[in-house]
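Novice: See structure-v2.cif below, with mmCIF, C-alpha atoms and all ligand atoms.
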```
data_start
loop_
_atom_site.label_atom_id
_atom_site.label_comp_id
_atom_site.auth_asym_id
_atom_site.auth_seq_id
_atom_site.Cartn_x
_atom_site.Cartn_y
_atom_site.Cartn_z
CA MET G 1 19.98 77.32 -14.11
CA PRO G 2 20.58 73.58 -14.61
CA ASP G 3 22.58 71.78 -11.94
CA MET G 4 25.77 70.65 -13.66
CA SER G 5 27.46 69.39 -10.52
CA ILE G 6 28.18 65.75 -9.97
CA GLU G 7 29.23 63.78 -6.92
CA LEU G 8 31.74 61.60 -8.72
CA LEU G 9 32.69 59.68 -5.59
CA PRO G 10 31.58 60.03 -1.99
CA GLY G 11 33.05 63.34 -0.82
CA LEU G 12 34.37 64.26 -4.28
CA LYS G 13 31.96 66.73 -5.81
CA LEU G 14 32.72 68.40 -9.14
CA ARG G 15 31.05 71.69 -10.09
CA ASN G 16 30.67 70.35 -13.62
CA PRO G 17 31.72 67.16 -15.40
CA VAL G 18 34.61 68.67 -17.40
CA ILE G 19 38.10 67.54 -16.38
CA ALA G 20 41.50 68.53 -17.81
CA ALA G 21 43.14 65.24 -18.90
CA SER G 22 46.53 64.16 -17.65
CA GLY G 23 49.63 65.23 -19.55
CA THR G 24 48.04 68.01 -21.52
CA ALA G 25 48.07 70.79 -18.92
CA GLY G 26 51.19 69.99 -16.87
CA TYR G 27 50.75 70.76 -13.17
CA GLY G 28 48.56 73.80 -13.71
CA ASP G 29 51.25 76.38 -12.97
CA GLU G 30 52.17 77.50 -16.49
CA PRO G 31 51.93 81.26 -16.83
CA PHE G 32 50.65 80.95 -20.41
CA ARG G 33 47.47 79.19 -19.35
CA LEU G 34 44.54 80.80 -21.14
CA TYR G 35 41.63 79.55 -19.06
CA ASP G 36 40.67 79.78 -15.42
CA ILE G 37 41.17 76.45 -13.65
CA ALA G 38 38.35 77.46 -11.29
CA GLU G 39 35.93 76.87 -14.19
CA LEU G 40 36.84 73.19 -14.45
CA GLY G 41 35.14 70.29 -12.71
CA ALA G 42 38.56 68.86 -11.86
CA PHE G 43 42.19 68.97 -12.95
CA ILE G 44 44.45 65.95 -13.52
CA CYS G 45 48.19 66.61 -13.50
CA LYS G 46 50.87 65.05 -15.69
CA GLY G 47 51.64 61.39 -15.01
CA THR G 48 54.03 61.37 -12.07
CA THR G 49 56.54 58.70 -11.07
CA LEU G 50 58.48 58.19 -7.83
CA LYS G 51 61.69 59.67 -9.25
CA PRO G 52 61.96 62.38 -11.92
CA ARG G 53 62.02 61.08 -15.51
CA ALA G 54 63.62 62.67 -18.57
CA GLY G 55 61.24 60.98 -21.00
CA ASN G 56 61.85 59.62 -24.50
CA PRO G 57 64.25 60.89 -27.20
CA GLN G 58 62.94 63.59 -29.55
CA PRO G 59 60.88 63.90 -31.67
CA ARG G 60 58.11 63.09 -29.23
CA ILE G 61 55.10 64.64 -30.84
CA MET G 62 53.60 65.01 -34.31
CA GLU G 63 50.28 65.97 -35.82
CA THR G 64 48.30 63.42 -37.82
CA GLN G 65 45.03 63.61 -39.70
CA ASP G 66 42.61 64.82 -36.97
CA GLY G 67 44.93 63.71 -34.22
CA LEU G 68 48.19 63.87 -32.37
CA LEU G 69 50.84 61.20 -31.90
CA ASN G 70 52.91 61.52 -28.75
CA ALA G 71 55.66 59.54 -27.15
CA ILE G 72 56.64 61.81 -24.27
CA GLY G 73 57.67 58.83 -22.18
CA LEU G 74 56.37 60.23 -18.91
CA GLN G 75 58.78 63.13 -18.51
CA ASN G 76 57.96 64.46 -15.04
CA PRO G 77 59.62 66.02 -11.99
CA GLY G 78 58.84 63.11 -9.63
CA ALA G 79 56.73 62.64 -6.50
CA ASP G 80 58.72 65.06 -4.31
CA ALA G 81 57.91 67.97 -6.64
CA VAL G 82 54.22 67.13 -6.39
CA ILE G 83 54.36 66.95 -2.60
CA HIS G 84 56.48 70.04 -1.94
CA LYS G 85 55.83 72.33 -4.91
CA TYR G 86 52.49 71.61 -6.53
CA ALA G 87 50.21 70.21 -3.83
CA PRO G 88 50.58 73.33 -1.62
CA MET G 89 49.52 75.43 -4.67
CA TRP G 90 46.57 73.10 -5.39
CA SER G 91 45.40 73.35 -1.76
CA ALA G 92 44.38 76.93 -2.46
CA TRP G 93 42.46 76.06 -5.64
CA PRO G 94 38.68 75.80 -5.67
CA THR G 95 39.02 72.88 -8.13
CA PRO G 96 39.87 69.34 -7.00
CA VAL G 97 43.15 67.98 -8.34
CA MET G 98 43.75 64.33 -9.10
CA VAL G 99 47.33 63.11 -9.41
CA ASN G 100 48.00 60.76 -12.29
CA ILE G 101 50.57 58.20 -11.14
CA ALA G 102 52.71 55.71 -13.03
CA GLY G 103 55.47 53.24 -12.32
CA GLU G 104 57.67 50.60 -13.83
CA CYS G 105 56.72 47.87 -11.38
CA ILE G 106 53.94 47.22 -8.88
CA ASP G 107 56.13 48.29 -5.95
CA ASP G 108 56.60 51.71 -7.61
CA TYR G 109 52.84 52.22 -7.73
CA ALA G 110 52.40 51.15 -4.12
CA GLU G 111 55.24 53.43 -2.99
CA ILE G 112 54.04 56.55 -4.82
CA ALA G 113 50.48 55.96 -3.62
CA THR G 114 51.75 55.71 -0.03
CA ARG G 115 53.76 58.94 -0.41
CA LEU G 116 50.90 60.94 -1.93
CA ASP G 117 48.21 59.68 0.40
CA LYS G 118 46.88 62.31 2.80
CA VAL G 119 48.92 65.11 1.16
CA PRO G 120 46.68 68.19 1.38
CA GLY G 121 45.71 69.45 -2.06
CA ILE G 122 45.33 65.99 -3.63
CA ALA G 123 41.72 64.86 -4.02
CA ALA G 124 42.26 61.50 -5.74
CA LEU G 125 44.77 59.32 -7.56
CA GLU G 126 44.34 58.42 -11.22
CA VAL G 127 46.42 55.32 -11.88
CA ASN G 128 47.95 55.22 -15.32
CA ILE G 129 48.38 51.54 -16.06
CA SER G 130 48.06 52.21 -19.73
CA CYS G 131 50.96 54.31 -20.93
CA PRO G 132 51.94 52.90 -24.31
CA ASN G 133 55.27 54.73 -24.40
CA VAL G 134 57.24 53.35 -21.51
CA ALA G 135 59.12 50.22 -22.47
CA ALA G 136 59.51 48.74 -19.00
CA GLY G 137 56.44 47.30 -17.40
CA CYS G 138 53.51 49.65 -17.87
CA LEU G 139 52.24 48.09 -21.03
CA GLU G 140 51.97 44.62 -19.55
CA PHE G 141 50.04 45.91 -16.52
CA GLY G 142 47.44 47.67 -18.51
CA THR G 143 46.64 45.21 -21.22
CA THR G 144 45.63 42.14 -19.20
CA PRO G 145 42.88 41.92 -16.55
CA GLU G 146 45.30 40.12 -14.19
CA GLY G 147 47.99 42.81 -14.46
CA ALA G 148 45.48 45.64 -14.17
CA ALA G 149 43.90 44.05 -11.10
CA ALA G 150 47.29 43.54 -9.44
CA VAL G 151 48.26 47.23 -9.77
CA THR G 152 44.82 48.34 -8.62
CA ALA G 153 44.96 46.14 -5.51
CA ALA G 154 48.47 47.41 -4.65
CA VAL G 155 47.44 51.07 -4.93
CA LYS G 156 44.22 50.51 -2.98
CA ALA G 157 46.17 48.81 -0.20
CA SER G 158 48.56 51.78 -0.03
CA ALA G 159 46.21 54.75 -0.12
CA SER G 160 43.03 55.92 1.51
CA LEU G 161 42.49 58.49 -1.29
CA PRO G 162 39.90 57.59 -3.94
CA VAL G 163 41.54 55.53 -6.70
CA ILE G 164 40.55 55.99 -10.34
CA VAL G 165 42.13 53.44 -12.68
CA LYS G 166 42.79 54.67 -16.21
CA LEU G 167 42.33 51.97 -18.81
CA THR G 168 44.11 51.47 -22.10
CA PRO G 169 42.29 50.91 -25.39
CA ASN G 170 45.21 48.68 -26.43
CA THR G 171 43.55 45.57 -25.06
CA ALA G 172 41.46 42.71 -26.40
CA ASP G 173 38.47 43.10 -24.09
CA ILE G 174 37.81 46.45 -22.41
CA ALA G 175 34.83 45.07 -20.43
CA ALA G 176 37.01 42.36 -18.89
CA LEU G 177 39.64 44.96 -17.96
CA ALA G 178 37.01 47.23 -16.40
CA ARG G 179 35.51 44.37 -14.39
CA ALA G 180 38.96 43.26 -13.22
CA VAL G 181 39.90 46.64 -11.77
CA GLU G 182 36.44 47.03 -10.22
CA GLY G 183 36.91 43.61 -8.60
CA ALA G 184 40.32 44.72 -7.29
CA GLY G 185 38.75 47.69 -5.50
CA ALA G 186 38.97 50.63 -7.93
CA ASP G 187 36.62 53.45 -6.88
CA ALA G 188 36.16 54.57 -10.50
CA ILE G 189 37.62 53.98 -13.95
CA SER G 190 38.66 56.43 -16.61
CA LEU G 191 39.16 55.66 -20.29
CA ILE G 192 40.57 55.84 -22.84
CA ASN G 193 44.27 56.55 -22.84
CA THR G 194 45.93 56.98 -26.23
CA VAL G 195 45.70 54.38 -29.00
CA ARG G 196 49.05 52.92 -30.07
CA GLY G 197 50.19 54.35 -33.41
CA MET G 198 53.18 55.37 -35.49
CA ALA G 199 54.33 57.31 -38.53
CA ILE G 200 57.24 56.85 -40.95
CA ASP G 201 59.30 59.53 -42.67
CA ILE G 202 59.40 58.18 -46.22
CA ASN G 203 62.41 60.31 -47.18
CA LYS G 204 64.55 59.11 -44.29
CA ARG G 205 62.85 55.70 -44.39
CA LYS G 206 62.69 55.77 -40.61
CA PRO G 207 60.00 56.03 -37.94
CA ILE G 208 59.33 59.70 -37.12
CA LEU G 209 58.99 59.41 -33.35
CA GLY G 210 62.16 58.93 -31.33
CA ASN G 211 60.40 56.07 -29.55
CA THR G 212 59.26 54.49 -32.90
CA THR G 213 55.65 54.17 -31.69
CA GLY G 214 53.49 56.52 -29.68
CA GLY G 215 49.94 57.13 -28.59
CA LEU G 216 47.27 58.64 -30.83
CA SER G 217 44.83 61.16 -29.33
CA GLY G 218 42.42 63.83 -30.54
CA PRO G 219 39.27 63.67 -32.70
CA ALA G 220 40.64 60.74 -34.72
CA ILE G 221 40.07 58.39 -31.75
CA LYS G 222 36.67 59.64 -30.61
CA PRO G 223 34.48 56.87 -32.08
CA ILE G 224 36.84 54.21 -30.67
CA ALA G 225 36.79 55.89 -27.27
CA LEU G 226 33.02 56.27 -27.23
CA ALA G 227 32.45 52.59 -28.06
CA MET G 228 34.87 51.58 -25.31
CA VAL G 229 33.22 53.85 -22.75
CA TRP G 230 29.86 52.41 -23.75
CA ARG G 231 31.12 48.83 -23.22
CA ALA G 232 32.96 49.58 -19.99
CA ALA G 233 30.02 51.49 -18.52
CA GLY G 234 27.81 48.49 -19.23
CA ALA G 235 30.25 46.18 -17.46
CA VAL G 236 30.78 47.92 -14.09
CA ARG G 237 28.81 49.63 -11.34
CA ILE G 238 31.54 52.09 -10.31
CA PRO G 239 31.59 55.56 -11.93
CA VAL G 240 33.16 55.89 -15.36
CA ILE G 241 35.06 58.96 -16.57
CA GLY G 242 35.03 59.04 -20.36
CA GLY G 243 37.26 60.73 -22.89
CA GLY G 244 39.29 60.44 -26.03
CA GLY G 245 38.96 62.95 -28.84
CA ILE G 246 36.42 65.26 -27.20
CA ALA G 247 36.57 68.65 -28.91
CA THR G 248 33.03 70.05 -28.57
CA ALA G 249 30.13 70.12 -26.11
CA GLU G 250 28.32 67.69 -28.40
CA ASP G 251 31.22 65.23 -28.13
CA ALA G 252 31.15 65.54 -24.33
CA LEU G 253 27.38 64.96 -24.29
CA GLU G 254 27.85 61.75 -26.29
CA PHE G 255 30.22 60.38 -23.63
CA LEU G 256 27.85 61.35 -20.81
CA MET G 257 24.95 59.69 -22.62
CA ALA G 258 27.08 56.57 -23.15
CA GLY G 259 27.34 56.28 -19.37
CA ALA G 260 30.26 58.50 -18.30
CA SER G 261 29.69 60.55 -15.15
CA ALA G 262 32.37 63.05 -16.22
CA VAL G 263 34.65 63.66 -19.19
CA GLU G 264 38.37 64.22 -19.67
CA ILE G 265 39.62 66.56 -22.38
CA GLY G 266 43.25 66.67 -23.46
CA THR G 267 44.36 67.24 -27.04
CA ALA G 268 41.55 69.64 -27.96
CA ALA G 269 42.70 71.98 -25.21
CA LEU G 270 46.23 71.95 -26.67
CA VAL G 271 44.73 73.23 -29.91
CA ASN G 272 42.54 75.80 -28.16
CA PRO G 273 43.02 76.25 -24.40
CA THR G 274 39.79 78.24 -24.13
CA MET G 275 37.92 75.14 -25.32
CA PHE G 276 36.96 74.15 -21.76
CA THR G 277 34.83 77.24 -21.29
CA GLY G 278 32.97 76.62 -24.55
CA ILE G 279 32.35 72.97 -23.72
CA ILE G 280 31.03 73.73 -20.22
CA LYS G 281 28.75 76.47 -21.61
CA GLY G 282 27.64 74.19 -24.45
CA ILE G 283 26.56 71.43 -22.05
CA GLU G 284 24.64 74.01 -20.01
CA LYS G 285 22.98 75.35 -23.17
CA TYR G 286 21.90 71.83 -24.14
CA MET G 287 20.44 71.27 -20.67
CA LEU G 288 18.52 74.54 -20.86
CA LYS G 289 17.23 73.78 -24.36
CA PHE G 290 15.92 70.34 -23.37
CA LYS G 291 14.86 71.43 -19.86
CA ILE G 292 17.19 69.00 -18.12
CA ALA G 293 17.48 70.24 -14.55
CA ASN G 294 20.18 67.87 -13.35
CA LEU G 295 23.24 66.47 -15.09
CA ARG G 296 22.47 63.07 -13.56
CA ASP G 297 19.56 62.76 -15.99
CA LEU G 298 21.97 62.83 -18.93
CA ILE G 299 24.34 60.16 -17.64
CA GLY G 300 23.69 56.98 -19.55
CA ALA G 301 20.68 58.57 -21.28
CA ALA G 302 21.45 56.72 -24.54
CA ARG G 303 21.41 53.36 -22.75
CA LYS G 304 17.83 53.59 -21.52
C1 LIG G 401 51.04 65.09 -24.90
C2 LIG G 401 50.23 64.11 -24.12
C3 LIG G 401 50.69 63.65 -22.89
C4 LIG G 401 49.93 62.73 -22.15
N1 LIG G 401 50.38 62.31 -20.92
C5 LIG G 401 49.64 61.45 -20.17
C6 LIG G 401 50.07 61.04 -18.88
O1 LIG G 401 51.11 61.47 -18.38
N2 LIG G 401 49.28 60.16 -18.19
C7 LIG G 401 48.11 59.68 -18.72
O2 LIG G 401 47.42 58.89 -18.06
N3 LIG G 401 47.65 60.09 -19.92
C8 LIG G 401 48.40 60.96 -20.66
N4 LIG G 401 47.93 61.36 -21.88
C9 LIG G 401 46.64 60.86 -22.38
C10 LIG G 401 45.52 61.87 -22.14
O3 LIG G 401 45.35 62.15 -20.76
C11 LIG G 401 44.19 61.36 -22.73
O4 LIG G 401 43.79 60.19 -22.02
C12 LIG G 401 44.30 61.00 -24.21
O5 LIG G 401 45.11 61.94 -24.88
C13 LIG G 401 42.94 60.93 -24.91
O6 LIG G 401 42.20 62.12 -24.75
P1 LIG G 401 42.24 63.36 -25.81
O7 LIG G 401 41.98 62.79 -27.17
O8 LIG G 401 41.20 64.31 -25.31
O9 LIG G 401 43.63 63.94 -25.72
C14 LIG G 401 48.68 62.26 -22.65
C15 LIG G 401 48.22 62.75 -23.88
C16 LIG G 401 48.98 63.64 -24.63
C17 LIG G 401 48.45 64.13 -25.95
#
```
Let me see the structure of the file written as structure tokens.
Ligand SMILES: Cc1cc2nc3c(=O)[nH]c(=O)nc-3n(C[C@H](O)[C@H](O)[C@H](O)COP(=O)(O)O)c2cc1C
Specialist:
Amino acid sequence: MPDMSIELLPGLKLRNPVIAASGTAGYGDEPFRLYDIAELGAFICKGTTLKPRAGNPQPRIMETQDGLLNAIGLQNPGADAVIHKYAPMWSAWPTPVMVNIAGECIDDYAEIATRLDKVPGIAALEVNISCPNVAAGCLEFGTTPEGAAAVTAAVKASASLPVIVKLTPNTADIAALARAVEGAGADAISLINTVRGMAIDINKRKPILGNTTGGLSGPAIKPIALAMVWRAAGAVRIPVIGGGGIATAEDALEFLMAGASAVEIGTAALVNPTMFTGIIKGIEKYMLKFKIANLRDLIGAARK
């Protein structure tokens, strides 16, 4: 059988490159889950802030052509729930869990990183500097290389856990952003978060989302995401986790060939939670068909 495992970072080995993206599978405790988390390469929990957050006014979610608009506004139970409720559960999982963290100011990021560091059950931090839905702060951090570097440096100084910085597509130059966070010490980058978007109810003559704008995800953003992963992977030496609109094994293979060492899948799994299994099997089938013994040989294959 082909070897689908990947050592994403020193000491952080994934059994395959398929990761559940933040915000689309909660904390992994929902009883209605339809797939076995043990199948996944890794699991990333909902974006978590120091204190619990209620999120944005409803409506927060709507379907679009081939996509999903959301403006959840980082509703989450706060860092204490992760430490006392979820991390003990994750400790027993065979799948590494990365905690997606967010904050309204740099001190928030430093504080949550300090609190989560060395908590058993947490394998890495994914730093969300790119949430387009939170009015205070986040947006500014993520869109400029200076802001992104400042958050990265603060988290790195506060935690010994591996730090993955999640980049926004809502920026002028993704390569500059990627280089800035690499320079500030990020161990890896992930991209893309959602693309800013909106919809208007023409009968009410009002924006549909309670937050006016939201973030677009799902197949509609895949070509944008792929081009950004391609550019970012060409700009840095640290590992890249790619995603945005992946819905099939073929989509995932495109991101790996663009230079991603692993892939994140969110919206597609909301549509069909058994999707992960099919994507993992599909990558394996491709490797068998083309006699590729090791996943490493696919990473960046389209760049050579
Ligand atoms: C409902 C929803 C909630 C999300 N929440 C978060 C979050 O808390 N933190 C984060 O970094 N990304 C969040 N995301 C972004 C996803 O993790 C992912 O980066 C994005 O949706 C693109 O991938 P996809 O097209 O496979 O969904 C969220 C996406 C959706 C659809």
Novice: What does the structure give for the distance between CA of Lys46 (chain G) and CA of Val229 (chain G), in Å to one decimal?
Specialist: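 So the two atoms, CA of Lys46 (chain G) and CA of Val229 (chain G), lie 22.1 Å apart.
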Novice: Report, in Å with one decimal, the straight-line distance from CA of Leu209 (chain G) to CA of Glu63 (chain G).
Specialist: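 Answer for the CA of Leu209 (chain G) to CA of Glu63 (chain G) separation: 11.2 Å.
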Novice: Taking all atoms listed in the file into account, which of G:Asn211, G:Ser158, G:Asn203, G:Thr274 comes nearest Thr248 (chain G)?
Specialist: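 Nearest candidate to Thr248 (chain G) out of G:Asn211, G:Ser158, G:Asn203, G:Thr274: G:Thr274.
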Novice: Compare G:Gly73, G:Pro88, G:Gly183, G:Pro2 by their minimum atom-to-atom distance to Leu288 (chain G), counting all atoms listed in the file, and give me the closest one.
Specialist: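 Closest to Leu288 (chain G), using all atoms listed in the file: G:Pro2.
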Novice: Adding 5 Å on each side of the box along x, y and z that holds all listed atoms of ligand LIG 401 (chain G), could you give its centre and edge lengths in Å to one decimal, as AutoDock Vina command-line options?
Specialist:
```
--center_x 46.2 --center_y 62.0 --center_z -22.6 --size_x 19.9 --size_y 16.2 --size_z 19.1
```
Novice: Enumerate as a ChimeraX atom specification the residues within 6 Å of ligand LIG 401 (chain G), counting only C-alpha atoms and all ligand atoms.
Specialist: /G:21-24,46-47,70,74,128,192-194,217-218,243-246,265-268
Novice: Quick one: of G:Ala260, G:Met4, G:Ala71, G:Leu226, who's nearest to Glu39 (chain G), counting only C-alpha atoms?
Specialist: G:Met4
Novice: What is the distance, in Å and to one decimal place, between CA of Ile72 (chain G) and CA of Thr95 (chain G)?
Specialist: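 Computing the Euclidean distance for CA of Ile72 (chain G) and CA of Thr95 (chain G) yields 26.3 Å.
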Novice: Applying 12 Å and all atoms listed in the file, which residues near Arg15 (chain G) remain after dropping the ones on its own chain fewer than 4 positions away? List them as a list of chain:residue names.
Specialist: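 So the residues in contact are G:Pro2, G:Asp3, G:Met4, G:Ser5, G:Ile6, G:Glu7, G:Leu8, G:Ile19, G:Ile37, G:Ala38, G:Glu39, G:Leu40, G:Gly41, G:Ala42, G:Phe43, G:Pro94, G:Thr95, G:Pro96, G:Ala262, G:Ile280, G:Asn294, G:Leu295.
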Novice: With all atoms listed in the file as the atoms that count, which of G:Arg205, G:Lys51, G:His84, G:Arg60 lies nearest to Ile101 (chain G)?
Specialist: G:Lys51
Novice: Given the choices G:Lys85, G:Ala175, G:Met98, G:Pro17, which gets closest to Arg296 (chain G) if the distance is worked out from only C-alpha atoms?
Specialist: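 Checking each of G:Lys85, G:Ala175, G:Met98, G:Pro17 against Arg296 (chain G), counting only C-alpha atoms, the winner is G:Pro17.
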Novice: So, counting only C-alpha atoms, which residue among G:Ile44, G:Met1, G:Ile200, G:Leu216 is closest to Glu264 (chain G)?
Specialist: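 For Glu264 (chain G), the nearest of the given residues is G:Ile44.
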